[in-house]
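J.: Input run_14.tsv, format and content: TSV, C-alpha atoms.
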chain	number	residue	atom	x	y	z
A	1	MET	CA	-42.97	-66.68	41.47
A	2	THR	CA	-41.87	-66.86	37.81
A	3	THR	CA	-38.87	-64.95	36.47
A	4	GLY	CA	-41.02	-63.10	33.89
A	5	ARG	CA	-43.22	-61.81	36.67
A	6	ASN	CA	-40.15	-60.73	38.63
A	7	PHE	CA	-38.83	-58.79	35.64
A	8	MET	CA	-42.19	-57.07	35.29
A	9	ARG	CA	-41.94	-56.03	38.92
A	10	VAL	CA	-38.47	-54.61	38.28
A	11	GLN	CA	-39.77	-52.65	35.27
A	12	THR	CA	-42.64	-51.30	37.36
A	13	GLY	CA	-40.16	-50.41	40.13
A	14	ALA	CA	-38.02	-48.54	37.59
A	15	LEU	CA	-41.08	-46.62	36.37
A	16	ILE	CA	-42.04	-45.63	39.93
A	17	LEU	CA	-38.47	-44.57	40.67
A	18	MET	CA	-38.44	-42.57	37.40
A	19	ILE	CA	-41.50	-40.62	38.49
A	20	VAL	CA	-39.96	-39.94	41.93
A	21	VAL	CA	-36.61	-38.88	40.40
A	22	ALA	CA	-38.32	-36.59	37.83
A	23	ALA	CA	-40.44	-34.95	40.54
A	24	GLU	CA	-37.38	-34.48	42.77
A	25	MET	CA	-35.38	-33.04	39.85
A	26	ILE	CA	-38.06	-30.40	39.14
A	27	ARG	CA	-38.41	-29.56	42.83
A	28	TYR	CA	-34.65	-29.39	43.29
A	29	LEU	CA	-34.14	-27.12	40.26
A	30	ILE	CA	-36.91	-24.70	41.22
A	31	THR	CA	-36.08	-24.42	44.94
A	32	SER	CA	-32.28	-24.37	44.55
A	33	LEU	CA	-32.20	-21.80	41.74
A	34	ASN	CA	-34.82	-19.70	43.48
A	35	ARG	CA	-32.83	-19.75	46.71
A	36	ALA	CA	-29.52	-18.93	45.02
A	37	LEU	CA	-31.07	-16.11	42.95
A	38	ASN	CA	-32.97	-14.66	45.93
A	39	PHE	CA	-29.94	-14.84	48.16
A	40	SER	CA	-27.53	-13.42	45.58
A	41	PHE	CA	-29.56	-10.79	43.72
A	42	TRP	CA	-33.31	-10.52	44.23
A	43	GLU	CA	-33.53	-10.15	48.01
A	44	PRO	CA	-30.20	-8.68	49.16
A	45	ARG	CA	-31.38	-8.31	52.78
A	46	MET	CA	-31.44	-12.15	53.05
A	47	TRP	CA	-27.63	-12.03	53.01
A	48	ASN	CA	-27.62	-9.85	56.14
A	49	THR	CA	-29.94	-12.20	58.03
A	50	HIS	CA	-27.54	-15.17	57.59
A	51	HIS	CA	-26.11	-16.23	60.96
A	52	LEU	CA	-22.50	-15.86	59.73
A	53	VAL	CA	-22.93	-12.35	58.31
A	54	ASP	CA	-22.74	-9.07	60.23
A	55	PRO	CA	-26.28	-7.61	60.20
A	56	ASN	CA	-25.22	-4.10	59.16
A	57	THR	CA	-22.62	-4.98	56.57
A	58	VAL	CA	-23.00	-3.80	52.97
A	59	VAL	CA	-22.36	-6.72	50.64
A	60	GLU	CA	-20.85	-5.79	47.28
A	61	MET	CA	-21.74	-7.30	43.94
A	62	GLY	CA	-18.49	-9.35	43.65
A	63	PRO	CA	-19.23	-11.85	46.46
A	64	ARG	CA	-22.86	-12.09	45.32
A	65	ILE	CA	-21.85	-13.03	41.77
A	66	GLY	CA	-19.22	-15.43	43.18
A	67	TYR	CA	-21.80	-17.08	45.45
A	68	PHE	CA	-24.29	-17.51	42.61
A	69	THR	CA	-21.65	-18.86	40.19
A	70	VAL	CA	-20.45	-21.41	42.75
A	71	TRP	CA	-23.89	-22.74	43.62
A	72	SER	CA	-25.29	-22.67	40.07
A	73	THR	CA	-22.36	-24.93	39.05
A	74	VAL	CA	-23.37	-27.47	41.72
A	75	ILE	CA	-27.03	-27.17	40.68
A	76	LEU	CA	-26.09	-27.76	37.03
A	77	LEU	CA	-23.95	-30.82	37.85
A	78	SER	CA	-26.66	-32.27	40.09
A	79	THR	CA	-29.27	-31.74	37.35
A	80	LEU	CA	-27.03	-33.61	34.89
A	81	ALA	CA	-26.87	-36.47	37.43
A	82	PHE	CA	-30.68	-36.49	37.66
A	83	LEU	CA	-30.91	-36.67	33.84
A	84	ALA	CA	-28.40	-39.55	33.76
A	85	ALA	CA	-30.49	-41.38	36.40
A	86	LEU	CA	-33.65	-40.87	34.33
A	87	GLN	CA	-31.92	-42.21	31.20
A	88	LEU	CA	-30.77	-45.30	33.12
A	89	LEU	CA	-34.17	-45.97	34.68
A	90	ASN	CA	-35.88	-45.52	31.32
A	91	ASN	CA	-33.59	-48.17	29.84
A	92	VAL	CA	-34.50	-50.58	32.67
A	93	ARG	CA	-38.19	-49.75	32.23
A	94	ARG	CA	-37.90	-50.69	28.54
A	95	GLY	CA	-36.58	-54.11	29.58
A	96	LYS	CA	-32.93	-53.56	28.62
A	97	ILE	CA	-31.57	-54.80	31.92
A	98	TYR	CA	-28.51	-56.94	31.22
A	99	HIS	CA	-27.42	-54.70	28.35
A	100	PRO	CA	-24.12	-52.86	27.60
A	101	LYS	CA	-26.01	-49.56	27.31
A	102	THR	CA	-27.48	-50.00	30.81
A	103	ALA	CA	-24.02	-50.74	32.23
A	104	ALA	CA	-22.62	-47.63	30.50
A	105	TYR	CA	-25.47	-45.53	31.91
A	106	VAL	CA	-24.78	-46.85	35.44
A	107	SER	CA	-21.10	-45.84	35.12
A	108	ARG	CA	-21.97	-42.45	33.67
A	109	LEU	CA	-24.43	-41.72	36.47
A	110	GLY	CA	-21.78	-42.64	39.06
A	111	LEU	CA	-19.16	-40.46	37.40
A	112	ILE	CA	-21.36	-37.34	37.08
A	113	LEU	CA	-22.63	-37.75	40.63
A	114	ALA	CA	-19.10	-38.17	41.99
A	115	ILE	CA	-17.96	-34.96	40.21
A	116	ALA	CA	-21.03	-33.10	41.54
A	117	MET	CA	-20.34	-34.24	45.12
A	118	ILE	CA	-16.63	-33.34	44.97
A	119	ALA	CA	-17.62	-29.88	43.63
A	120	ASP	CA	-20.21	-29.56	46.42
A	121	GLN	CA	-17.57	-30.41	49.06
A	122	ILE	CA	-15.15	-27.84	47.60
A	123	PHE	CA	-17.87	-25.19	47.47
A	124	HIS	CA	-18.94	-25.92	51.05
A	125	SER	CA	-15.35	-25.11	51.98
A	126	ILE	CA	-15.37	-21.69	50.32
A	127	ASP	CA	-19.01	-20.90	51.16
A	128	SER	CA	-18.38	-19.26	54.55
A	129	TRP	CA	-15.39	-17.34	53.11
A	130	LEU	CA	-17.62	-15.90	50.35
A	131	LEU	CA	-20.44	-15.11	52.80
A	132	THR	CA	-18.23	-13.25	55.27
A	133	ARG	CA	-16.02	-11.32	52.84
A	134	SER	CA	-17.78	-8.04	53.74
A	135	ASN	CA	-17.72	-8.76	57.51
A	136	SER	CA	-15.33	-6.83	59.74
A	137	GLU	CA	-13.67	-10.17	60.57
A	138	PRO	CA	-14.07	-12.43	57.53
A	139	LEU	CA	-13.70	-16.20	57.88
A	140	GLY	CA	-11.07	-18.03	55.87
A	141	ILE	CA	-11.39	-21.03	53.55
A	142	HIS	CA	-11.71	-24.19	55.62
A	143	TRP	CA	-12.70	-27.84	55.12
A	144	GLY	CA	-16.52	-27.75	54.97
A	145	TYR	CA	-17.32	-31.32	55.98
A	146	ASP	CA	-20.74	-32.50	54.81
A	147	PRO	CA	-21.47	-36.18	55.62
A	148	SER	CA	-24.40	-36.26	53.14
A	149	ASP	CA	-22.04	-35.36	50.30
A	150	ILE	CA	-19.53	-38.03	51.34
A	151	LYS	CA	-22.30	-40.65	51.59
A	152	THR	CA	-23.50	-39.72	48.08
A	153	LEU	CA	-19.89	-39.78	46.85
A	154	ILE	CA	-19.54	-43.36	48.20
A	155	MET	CA	-22.76	-44.39	46.44
A	156	ALA	CA	-21.57	-42.69	43.23
A	157	THR	CA	-18.21	-44.48	43.31
A	158	ILE	CA	-19.93	-47.82	43.86
A	159	LEU	CA	-22.26	-47.10	40.93
A	160	PHE	CA	-19.31	-46.16	38.71
A	161	LEU	CA	-17.37	-49.30	39.64
A	162	PHE	CA	-20.39	-51.55	39.37
A	163	GLY	CA	-21.28	-50.18	35.90
A	164	TRP	CA	-17.71	-50.91	34.84
A	165	VAL	CA	-17.81	-54.45	36.26
A	166	MET	CA	-21.20	-55.06	34.64
A	167	ARG	CA	-19.94	-53.90	31.22
A	168	GLN	CA	-16.93	-56.24	31.45
A	169	GLY	CA	-19.22	-59.09	32.50
A	170	ILE	CA	-21.52	-58.53	29.53
A	171	VAL	CA	-18.56	-58.39	27.10
A	172	ILE	CA	-17.15	-61.70	28.48
A	173	ASP	CA	-20.62	-63.28	28.40
A	174	ARG	CA	-21.13	-62.29	24.75
A	175	GLU	CA	-17.67	-63.52	23.77
A	176	ASN	CA	-18.40	-66.89	25.42
A	177	SER	CA	-21.78	-67.16	23.66
A	178	GLU	CA	-20.20	-66.42	20.28
A	179	PHE	CA	-17.48	-69.00	20.97
A	180	VAL	CA	-20.08	-71.68	21.83
B	1	MET	CA	-10.86	-58.15	34.43
B	2	PRO	CA	-8.91	-55.06	33.30
B	3	ARG	CA	-6.06	-54.04	35.54
B	4	SER	CA	-7.27	-50.43	35.60
B	5	LEU	CA	-10.54	-51.55	37.21
B	6	ILE	CA	-8.70	-53.39	39.96
B	7	GLN	CA	-6.48	-50.35	40.55
B	8	VAL	CA	-9.47	-47.98	40.77
B	9	ALA	CA	-11.13	-50.43	43.19
B	10	ARG	CA	-7.98	-50.47	45.37
B	11	ALA	CA	-7.79	-46.65	45.40
B	12	THR	CA	-11.49	-46.49	46.33
B	13	LEU	CA	-10.93	-49.03	49.09
B	14	LEU	CA	-8.20	-46.84	50.56
B	15	GLY	CA	-10.48	-43.77	50.51
B	16	LEU	CA	-13.30	-45.76	52.12
B	17	VAL	CA	-11.07	-47.07	54.92
B	18	VAL	CA	-9.92	-43.51	55.67
B	19	PHE	CA	-13.54	-42.32	55.79
B	20	ALA	CA	-14.57	-45.30	57.94
B	21	ALA	CA	-12.10	-43.98	60.55
B	22	TYR	CA	-12.87	-40.29	59.98
B	23	TYR	CA	-16.66	-40.66	60.34
B	24	PRO	CA	-16.66	-41.95	63.97
B	25	TYR	CA	-13.83	-39.53	64.81
B	26	LYS	CA	-15.94	-36.62	63.59
B	27	LEU	CA	-18.94	-37.91	65.59
B	28	LEU	CA	-16.81	-38.20	68.73
B	29	THR	CA	-15.50	-34.67	68.34
B	30	THR	CA	-18.81	-32.98	67.47
B	31	PHE	CA	-21.95	-34.83	68.60
B	32	VAL	CA	-20.53	-36.37	71.77
B	33	PRO	CA	-19.10	-33.14	73.30
B	34	PHE	CA	-22.30	-31.33	72.28
B	35	ALA	CA	-24.36	-33.77	74.33
B	36	PHE	CA	-22.05	-34.66	77.20
B	37	SER	CA	-19.66	-31.80	77.92
B	38	GLY	CA	-22.01	-29.35	79.63
B	39	ALA	CA	-24.54	-26.74	78.58
B	40	ALA	CA	-21.98	-24.25	77.21
B	41	SER	CA	-21.61	-25.96	73.83
B	42	TRP	CA	-25.41	-26.10	73.45
B	43	GLN	CA	-25.68	-22.40	74.31
B	44	SER	CA	-23.05	-21.48	71.72
B	45	HIS	CA	-25.26	-22.88	68.91
B	46	TRP	CA	-26.52	-20.06	66.69
B	47	MET	CA	-30.18	-21.10	67.09
B	48	VAL	CA	-30.01	-21.24	70.90
B	49	ASP	CA	-30.21	-18.48	73.55
B	50	ASP	CA	-26.92	-17.71	75.25
B	51	ALA	CA	-28.51	-18.39	78.64
B	52	ALA	CA	-30.75	-21.35	77.74
B	53	LEU	CA	-30.90	-23.85	80.61
B	54	VAL	CA	-30.85	-27.29	79.02
B	55	PRO	CA	-31.12	-30.35	81.30
B	56	PHE	CA	-28.77	-33.28	80.71
B	57	TRP	CA	-31.59	-35.55	79.55
B	58	GLY	CA	-32.48	-32.93	76.93
B	59	ARG	CA	-28.97	-33.05	75.51
B	60	LEU	CA	-28.96	-36.84	75.72
B	61	ALA	CA	-32.25	-37.02	73.80
B	62	GLN	CA	-30.79	-34.81	71.05
B	63	PHE	CA	-27.86	-37.23	70.78
B	64	GLY	CA	-30.29	-40.17	70.70
B	65	LEU	CA	-32.14	-38.54	67.81
B	66	TRP	CA	-29.04	-38.92	65.63
B	67	VAL	CA	-27.93	-42.40	66.79
B	68	PRO	CA	-29.97	-44.38	64.19
B	69	THR	CA	-28.48	-42.26	61.38
B	70	MET	CA	-24.96	-42.77	62.73
B	71	VAL	CA	-25.38	-46.55	63.06
B	72	ALA	CA	-26.97	-46.97	59.60
B	73	THR	CA	-24.25	-44.81	58.02
B	74	GLN	CA	-21.48	-46.79	59.69
B	75	ILE	CA	-23.05	-50.06	58.45
B	76	MET	CA	-23.30	-48.52	54.97
B	77	ILE	CA	-19.60	-47.59	54.99
B	78	LEU	CA	-18.56	-51.08	56.17
B	79	LEU	CA	-20.70	-52.75	53.49
B	80	ALA	CA	-19.17	-50.43	50.85
B	81	ILE	CA	-15.68	-51.46	52.03
B	82	TYR	CA	-16.63	-55.15	51.84
B	83	LEU	CA	-18.11	-54.73	48.33
B	84	VAL	CA	-15.07	-52.89	46.93
B	85	TRP	CA	-12.81	-55.47	48.62
B	86	LEU	CA	-14.76	-58.19	46.76
B	87	PHE	CA	-14.32	-56.22	43.50
B	88	GLN	CA	-10.56	-55.95	43.88
B	89	ARG	CA	-10.43	-59.70	44.68
B	90	GLU	CA	-12.36	-60.18	41.38
B	91	VAL	CA	-15.33	-61.77	43.16
B	92	LEU	CA	-17.79	-60.10	40.80
B	93	PHE	CA	-21.00	-61.95	39.98
B	94	GLU	CA	-21.18	-64.22	43.02
B	95	HIS	CA	-24.22	-64.40	45.30
B	96	THR	CA	-22.26	-62.66	48.09
B	97	THR	CA	-21.41	-59.65	45.89
B	98	ILE	CA	-25.01	-59.23	44.76
B	99	ARG	CA	-26.34	-59.58	48.31
B	100	VAL	CA	-23.82	-57.04	49.66
B	101	LEU	CA	-24.75	-54.59	46.87
B	102	LYS	CA	-28.44	-54.95	47.72
B	103	TRP	CA	-27.89	-54.45	51.46
B	104	LEU	CA	-25.56	-51.54	50.83
B	105	GLY	CA	-28.36	-49.81	48.93
B	106	GLY	CA	-30.82	-50.70	51.69
B	107	SER	CA	-28.62	-49.36	54.51
B	108	ALA	CA	-27.91	-46.12	52.59
B	109	ALA	CA	-31.63	-45.56	52.02
B	110	LEU	CA	-32.31	-46.28	55.70
B	111	ALA	CA	-29.54	-43.88	56.82
B	112	ALA	CA	-31.07	-41.16	54.63
B	113	VAL	CA	-34.58	-41.75	56.02
B	114	PHE	CA	-33.26	-41.62	59.61
B	115	ALA	CA	-31.36	-38.40	58.81
B	116	LEU	CA	-34.46	-36.78	57.29
B	117	ILE	CA	-36.48	-37.70	60.41
B	118	ALA	CA	-33.71	-36.35	62.68
B	119	PHE	CA	-33.54	-33.10	60.68
B	120	ALA	CA	-37.30	-32.66	61.10
B	121	PHE	CA	-37.02	-32.81	64.92
B	122	ASP	CA	-33.55	-31.31	65.45
B	123	ALA	CA	-34.29	-27.55	65.25
B	124	TRP	CA	-37.46	-27.96	67.36
B	125	TRP	CA	-35.55	-29.80	70.09
B	126	LEU	CA	-32.55	-27.41	69.98
B	127	THR	CA	-34.76	-24.36	70.44
B	128	SER	CA	-37.16	-25.88	73.00
B	129	TRP	CA	-35.43	-24.09	75.92
B	130	ASN	CA	-35.18	-20.71	74.20
B	131	THR	CA	-36.77	-17.69	75.87
B	132	GLU	CA	-35.46	-14.87	73.66
B	133	LEU	CA	-34.59	-16.38	70.28
B	134	PRO	CA	-37.51	-17.90	68.33
B	135	ARG	CA	-38.56	-21.49	69.01
B	136	ARG	CA	-38.95	-23.64	65.90
B	137	ALA	CA	-41.69	-26.11	65.14
B	138	ILE	CA	-41.30	-29.73	64.05
B	139	GLN	CA	-41.21	-29.53	60.28
B	140	PHE	CA	-39.94	-31.47	57.31
B	141	HIS	CA	-36.53	-29.97	56.61
B	142	PHE	CA	-35.68	-30.71	53.02
B	143	GLU	CA	-32.07	-31.87	52.74
B	144	SER	CA	-31.22	-32.36	49.07
B	145	GLY	CA	-28.01	-34.23	50.03
B	146	GLU	CA	-29.95	-36.84	52.00
B	147	MET	CA	-32.52	-37.10	49.19
B	148	GLY	CA	-29.60	-37.90	46.86
B	149	VAL	CA	-28.42	-40.64	49.23
B	150	LEU	CA	-31.97	-42.01	49.47
B	151	LEU	CA	-32.42	-42.17	45.68
B	152	CYS	CA	-28.96	-43.70	45.14
B	153	GLY	CA	-29.66	-46.24	47.89
B	154	LEU	CA	-32.97	-47.22	46.33
B	155	GLY	CA	-31.28	-47.42	42.92
B	156	LEU	CA	-28.57	-49.77	44.22
B	157	PHE	CA	-31.16	-51.87	46.03
B	158	LEU	CA	-33.12	-52.19	42.75
B	159	LEU	CA	-29.92	-53.07	40.86
B	160	GLY	CA	-29.09	-55.75	43.45
B	161	HIS	CA	-32.62	-57.13	43.16
B	162	VAL	CA	-32.37	-57.27	39.34
B	163	LEU	CA	-29.07	-59.14	39.55
B	164	GLU	CA	-30.51	-61.55	42.11
B	165	ILE	CA	-33.33	-62.37	39.68
B	166	ALA	CA	-30.82	-62.74	36.82
B	167	ALA	CA	-28.75	-65.17	38.94
B	168	PHE	CA	-31.92	-67.10	39.82
B	169	LYS	CA	-32.85	-67.29	36.12
B	170	GLN	CA	-29.37	-68.53	35.20
B	171	ASN	CA	-29.56	-71.25	37.87
B	172	GLU	CA	-32.98	-72.29	36.53
B	173	ASN	CA	-31.59	-72.54	32.98
B	174	GLU	CA	-28.59	-74.55	34.14
B	175	ASP	CA	-30.88	-76.94	36.03
B	176	ILE	CA	-32.97	-77.49	32.86
B	177	ILE	CA	-29.83	-78.21	30.78
Would you give me this structure, written as structure tokens?

T.:
Amino acid sequence: MTTGRNFMRVQTGALILMIVVAAEMIRYLITSLNRALNFSFWEPRMWNTHHLVDPNTVVEMGPRIGYFTVWSTVILLSTLAFLAALQLLNNVRRGKIYHPKTAAYVSRLGLILAIAMIADQIFHSIDSWLLTRSNSEPLGIHWGYDPSDIKTLIMATILFLFGWVMRQGIVIDRENSEFV
Amino acid sequence: MPRSLIQVARATLLGLVVFAAYYPYKLLTTFVPFAFSGAASWQSHWMVDDAALVPFWGRLAQFGLWVPTMVATQIMILLAIYLVWLFQREVLFEHTTIRVLKWLGGSAALAAVFALIAFAFDAWWLTSWNTELPRRAIQFHFESGEMGVLLCGLGLFLLGHVLEIAAFKQNENEDII
């Protein structure tokens, strides 16, 4: 198989991944915002049906606003990560593969994703505290371990480091070419 | 390579090693007692009846449902450690580094797929012995965290593939010269 053909396959792969990422971004935004808004404001009885919440408790506006603010921050950060991924894949689709811009996009995606996952882990830790504030025996803030978040954080750190390494490699490569 | 990059790689390596120990510890203290320490832990689950009679094989099967995810995740963590170790040793654009990157992406994607499959069956299996609380059907449970892992894994796999082609192209050019 020739290299040109291989590169075409990579560009096609990037296009397919772009479509999947865009579809997932739209689905994620709609379902996550809808859930957070329903749970916080539009359908208040949903709060009482949560397994951690006392069924007859009256939940005040404060925890509801707090809950929505916390989760909309995670949703916003995750959406930014989706947009960074789309920008990166679009660059690959346009054939700019071994390019400083691509390396910078890889690093940026890793960084945004890492921040989003750290925020998600922190918010998982205060989630049950916020939910049970109106209970007769509220739960405290505790380490809300989520293995999916940690796995994504690992991937994000690798992306960040690899983008950095790639950028350095490209700089050295260009310097060598200019020297020759 | 800049010193700051090496330092960040070393700090990441430390975090990864800690997680590589924490992950099996967490499995041993949650999944294993849930399956092997009697029916009481199963009955205390919020989806399950307090008096649900779950046979041992039922609990064992629930554990088995999650084993592929656990194994793939552990492989993913070990590959991540190896890759960052290569980075901090400044082994950057070698064949080994590229291959590890590609397989890291592959194992992450596989772990996410296994987790999504397990999530689809988990609630159904947990509630199979319920008589009072509702039983749940097998259904695709959308886990945005696992979808993130899947997309990142596929992205890294693609990146590894691109670099493999680039290395192949470079070798071709060198052969011609």

J.: What is the distance, in Å and to one decimal place, between atom CA of Ile172 of chain A and atom CA of Gly105 of chain B?

T.: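 Separation of atom CA of Ile172 of chain A and atom CA of Gly105 of chain B: 26.2 Å.
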
J.: Find the residues of chain A in contact range of chain B, meaning any atom within 7 Å when counting all atoms listed in the file, and list them as a list of chain:residue names.

T.: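 Filtering chain A at 7 Å from chain B with all atoms listed in the file gives A:Thr3, A:Val10, A:His51, A:Ser148, A:Asp149, A:Lys151, A:Thr152, A:Met155.
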
J.: Choose the residue, out of A:Arg108, A:Phe41, A:Leu159, A:Ile154, that has the smallest atom-to-atom separation from Ala20 of chain B; count only C-alpha atoms.

T.: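 Of A:Arg108, A:Phe41, A:Leu159, A:Ile154, the one nearest Ala20 of chain B is A:Ile154, counting only C-alpha atoms.
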
J.: Kindly extract all protein, DNA and RNA residues lying within 9 Å of the coordinates (-20.7, -33.5, 50.1) given in the file, considering only C-alpha atoms, and supply them as a short mmCIF file (atom, residue, chain, number, x, y, z; two decimals) with C-alpha atoms, in the coordinates of the input.

T.:
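This went into part-v8.cif:
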data_model
loop_
_atom_site.label_atom_id
_atom_site.label_comp_id
_atom_site.auth_asym_id
_atom_site.auth_seq_id
_atom_site.Cartn_x
_atom_site.Cartn_y
_atom_site.Cartn_z
CA ALA A 116 -21.03 -33.10 41.54
CA MET A 117 -20.34 -34.24 45.12
CA ILE A 118 -16.63 -33.34 44.97
CA ALA A 119 -17.62 -29.88 43.63
CA ASP A 120 -20.21 -29.56 46.42
CA GLN A 121 -17.57 -30.41 49.06
CA ILE A 122 -15.15 -27.84 47.60
CA HIS A 124 -18.94 -25.92 51.05
CA GLY A 144 -16.52 -27.75 54.97
CA TYR A 145 -17.32 -31.32 55.98
CA ASP A 146 -20.74 -32.50 54.81
CA PRO A 147 -21.47 -36.18 55.62
CA SER A 148 -24.40 -36.26 53.14
CA ASP A 149 -22.04 -35.36 50.30
CA ILE A 150 -19.53 -38.03 51.34
CA LYS A 151 -22.30 -40.65 51.59
CA THR A 152 -23.50 -39.72 48.08
CA LEU A 153 -19.89 -39.78 46.85
CA GLY B 145 -28.01 -34.23 50.03
#

J.: Nearest to Ile126 of chain A: which of A:Ile170, A:Ala156, A:Ile141, A:Met61 is it, counting all atoms listed in the file?

T.: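 Closest to Ile126 of chain A of all the choices is A:Ile141.
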
J.: I'd like the contact shell of segment 66-69 of chain B - 10 Å cut-off, all atoms listed in the file, skipping same-chain residues fewer than 5 positions apart - returned as a list in words.

T.: Phe31, Ala61, Gln74, Ile75, Ser107, Ala108, Leu110, Ala111, Ala112, Val113, Phe114, Ala115, Leu116, Ile117, Ala118, Phe119 and Asp122 of chain B

J.: Output C-alpha atoms for every residue in the selection just made, as a PDB file, keeping the file's coordinate frame.

T.:
ATOM      1  CA  PHE B  31     -21.950 -34.830  68.600  1.00  0.00           C
ATOM      2  CA  ALA B  61     -32.250 -37.020  73.800  1.00  0.00           C
ATOM      3  CA  GLN B  74     -21.480 -46.790  59.690  1.00  0.00           C
ATOM      4  CA  ILE B  75     -23.050 -50.060  58.450  1.00  0.00           C
ATOM      5  CA  SER B 107     -28.620 -49.360  54.510  1.00  0.00           C
ATOM      6  CA  ALA B 108     -27.910 -46.120  52.590  1.00  0.00           C
ATOM      7  CA  LEU B 110     -32.310 -46.280  55.700  1.00  0.00           C
ATOM      8  CA  ALA B 111     -29.540 -43.880  56.820  1.00  0.00           C
ATOM      9  CA  ALA B 112     -31.070 -41.160  54.630  1.00  0.00           C
ATOM     10  CA  VAL B 113     -34.580 -41.750  56.020  1.00  0.00           C
ATOM     11  CA  PHE B 114     -33.260 -41.620  59.610  1.00  0.00           C
ATOM     12  CA  ALA B 115     -31.360 -38.400  58.810  1.00  0.00           C
ATOM     13  CA  LEU B 116     -34.460 -36.780  57.290  1.00  0.00           C
ATOM     14  CA  ILE B 117     -36.480 -37.700  60.410  1.00  0.00           C
ATOM     15  CA  ALA B 118     -33.710 -36.350  62.680  1.00  0.00           C
ATOM     16  CA  PHE B 119     -33.540 -33.100  60.680  1.00  0.00           C
ATOM     17  CA  ASP B 122     -33.550 -31.310  65.450  1.00  0.00           C
TER      18      ASP B 122
END

J.: Just checking: using only C-alpha atoms, which residue out of A:Ser177, A:Ser128, A:Thr102, A:Asn34 ends up closest to Gly163 of chain A?

T.: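 Checking each candidate against Gly163 of chain A, we get A:Thr102 as the closest.
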
J.: By how many Å are atom CA of Gln88 of chain B and atom CA of Leu14 of chain B apart?

T.: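 Between atom CA of Gln88 of chain B and atom CA of Leu14 of chain B the gap is 11.5 Å.
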
J.: Atom CA of Trp125 of chain B to atom CA of Arg59 of chain B: how many Å, to one decimal?

T.: 9.1 Å

J.: Show me the residues around (-29.2, -57.4, 46.5) - criterion: an atom at most 6 Å away, all atoms listed in the file counted - as number ranges by chain.

T.: B: 98-99, 101-103, 157, 160-161

J.: Please provide the set of residues having any atom within 10 Å of Leu88 of chain A, restricted to all atoms listed in the file, with same-chain residues fewer than 4 positions apart removed, written as a ChimeraX atom specification.

T.: /A:14,18,82-84,92-93,96-97,101-109

J.: What lies within 12 Å of segment 64-66 of chain A using only C-alpha atoms, ignoring chain neighbours under 6 positions off, as a list in words?

T.: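 Answer for this query is Ala36, Leu37, Asn38, Phe39, Ser40, Phe41, Trp42, Glu43, Pro44, Arg45, Met46, Trp47, Val58, Ser72, Thr73, Phe123, Ile126, Asp127, Trp129, Leu130, Leu131, Thr132, Arg133 and Ser134 of chain A.
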
J.: Rebuild segment 134-145 of chain A to N, CA and C atoms - output it as a PDB file, keeping the file's coordinate frame, please.

T.:
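Saved as out-v2.pdb:
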ATOM      1  N   SER A 134     -17.517  -9.451  53.399  1.00  0.00           N
ATOM      2  CA  SER A 134     -17.780  -8.040  53.740  1.00  0.00           C
ATOM      3  C   SER A 134     -17.865  -7.825  55.250  1.00  0.00           C
ATOM      4  N   ASN A 135     -17.711  -8.904  56.040  1.00  0.00           N
ATOM      5  CA  ASN A 135     -17.720  -8.760  57.510  1.00  0.00           C
ATOM      6  C   ASN A 135     -16.463  -8.017  57.984  1.00  0.00           C
ATOM      7  N   SER A 136     -16.530  -7.486  59.201  1.00  0.00           N
ATOM      8  CA  SER A 136     -15.330  -6.830  59.740  1.00  0.00           C
ATOM      9  C   SER A 136     -14.228  -7.857  60.007  1.00  0.00           C
ATOM     10  N   GLU A 137     -14.652  -9.097  60.376  1.00  0.00           N
ATOM     11  CA  GLU A 137     -13.670 -10.170  60.570  1.00  0.00           C
ATOM     12  C   GLU A 137     -14.049 -11.368  59.697  1.00  0.00           C
ATOM     13  N   PRO A 138     -13.651 -11.344  58.424  1.00  0.00           N
ATOM     14  CA  PRO A 138     -14.070 -12.430  57.530  1.00  0.00           C
ATOM     15  C   PRO A 138     -13.448 -13.785  57.895  1.00  0.00           C
ATOM     16  N   LEU A 139     -14.208 -14.846  57.615  1.00  0.00           N
ATOM     17  CA  LEU A 139     -13.700 -16.200  57.880  1.00  0.00           C
ATOM     18  C   LEU A 139     -12.848 -16.647  56.683  1.00  0.00           C
ATOM     19  N   GLY A 140     -11.918 -17.533  56.949  1.00  0.00           N
ATOM     20  CA  GLY A 140     -11.070 -18.030  55.870  1.00  0.00           C
ATOM     21  C   GLY A 140     -11.680 -19.254  55.198  1.00  0.00           C
ATOM     22  N   ILE A 141     -10.947 -19.791  54.213  1.00  0.00           N
ATOM     23  CA  ILE A 141     -11.390 -21.030  53.550  1.00  0.00           C
ATOM     24  C   ILE A 141     -11.033 -22.184  54.472  1.00  0.00           C
ATOM     25  N   HIS A 142     -11.996 -23.035  54.770  1.00  0.00           N
ATOM     26  CA  HIS A 142     -11.710 -24.190  55.620  1.00  0.00           C
ATOM     27  C   HIS A 142     -12.509 -25.401  55.136  1.00  0.00           C
ATOM     28  N   TRP A 143     -12.095 -26.571  55.532  1.00  0.00           N
ATOM     29  CA  TRP A 143     -12.700 -27.840  55.120  1.00  0.00           C
ATOM     30  C   TRP A 143     -14.169 -27.890  55.593  1.00  0.00           C
ATOM     31  N   GLY A 144     -15.092 -27.748  54.640  1.00  0.00           N
ATOM     32  CA  GLY A 144     -16.520 -27.750  54.970  1.00  0.00           C
ATOM     33  C   GLY A 144     -17.086 -29.156  54.889  1.00  0.00           C
ATOM     34  N   TYR A 145     -16.919 -29.908  55.970  1.00  0.00           N
ATOM     35  CA  TYR A 145     -17.320 -31.320  55.980  1.00  0.00           C
ATOM     36  C   TYR A 145     -18.835 -31.473  55.916  1.00  0.00           C
TER      37      TYR A 145
END
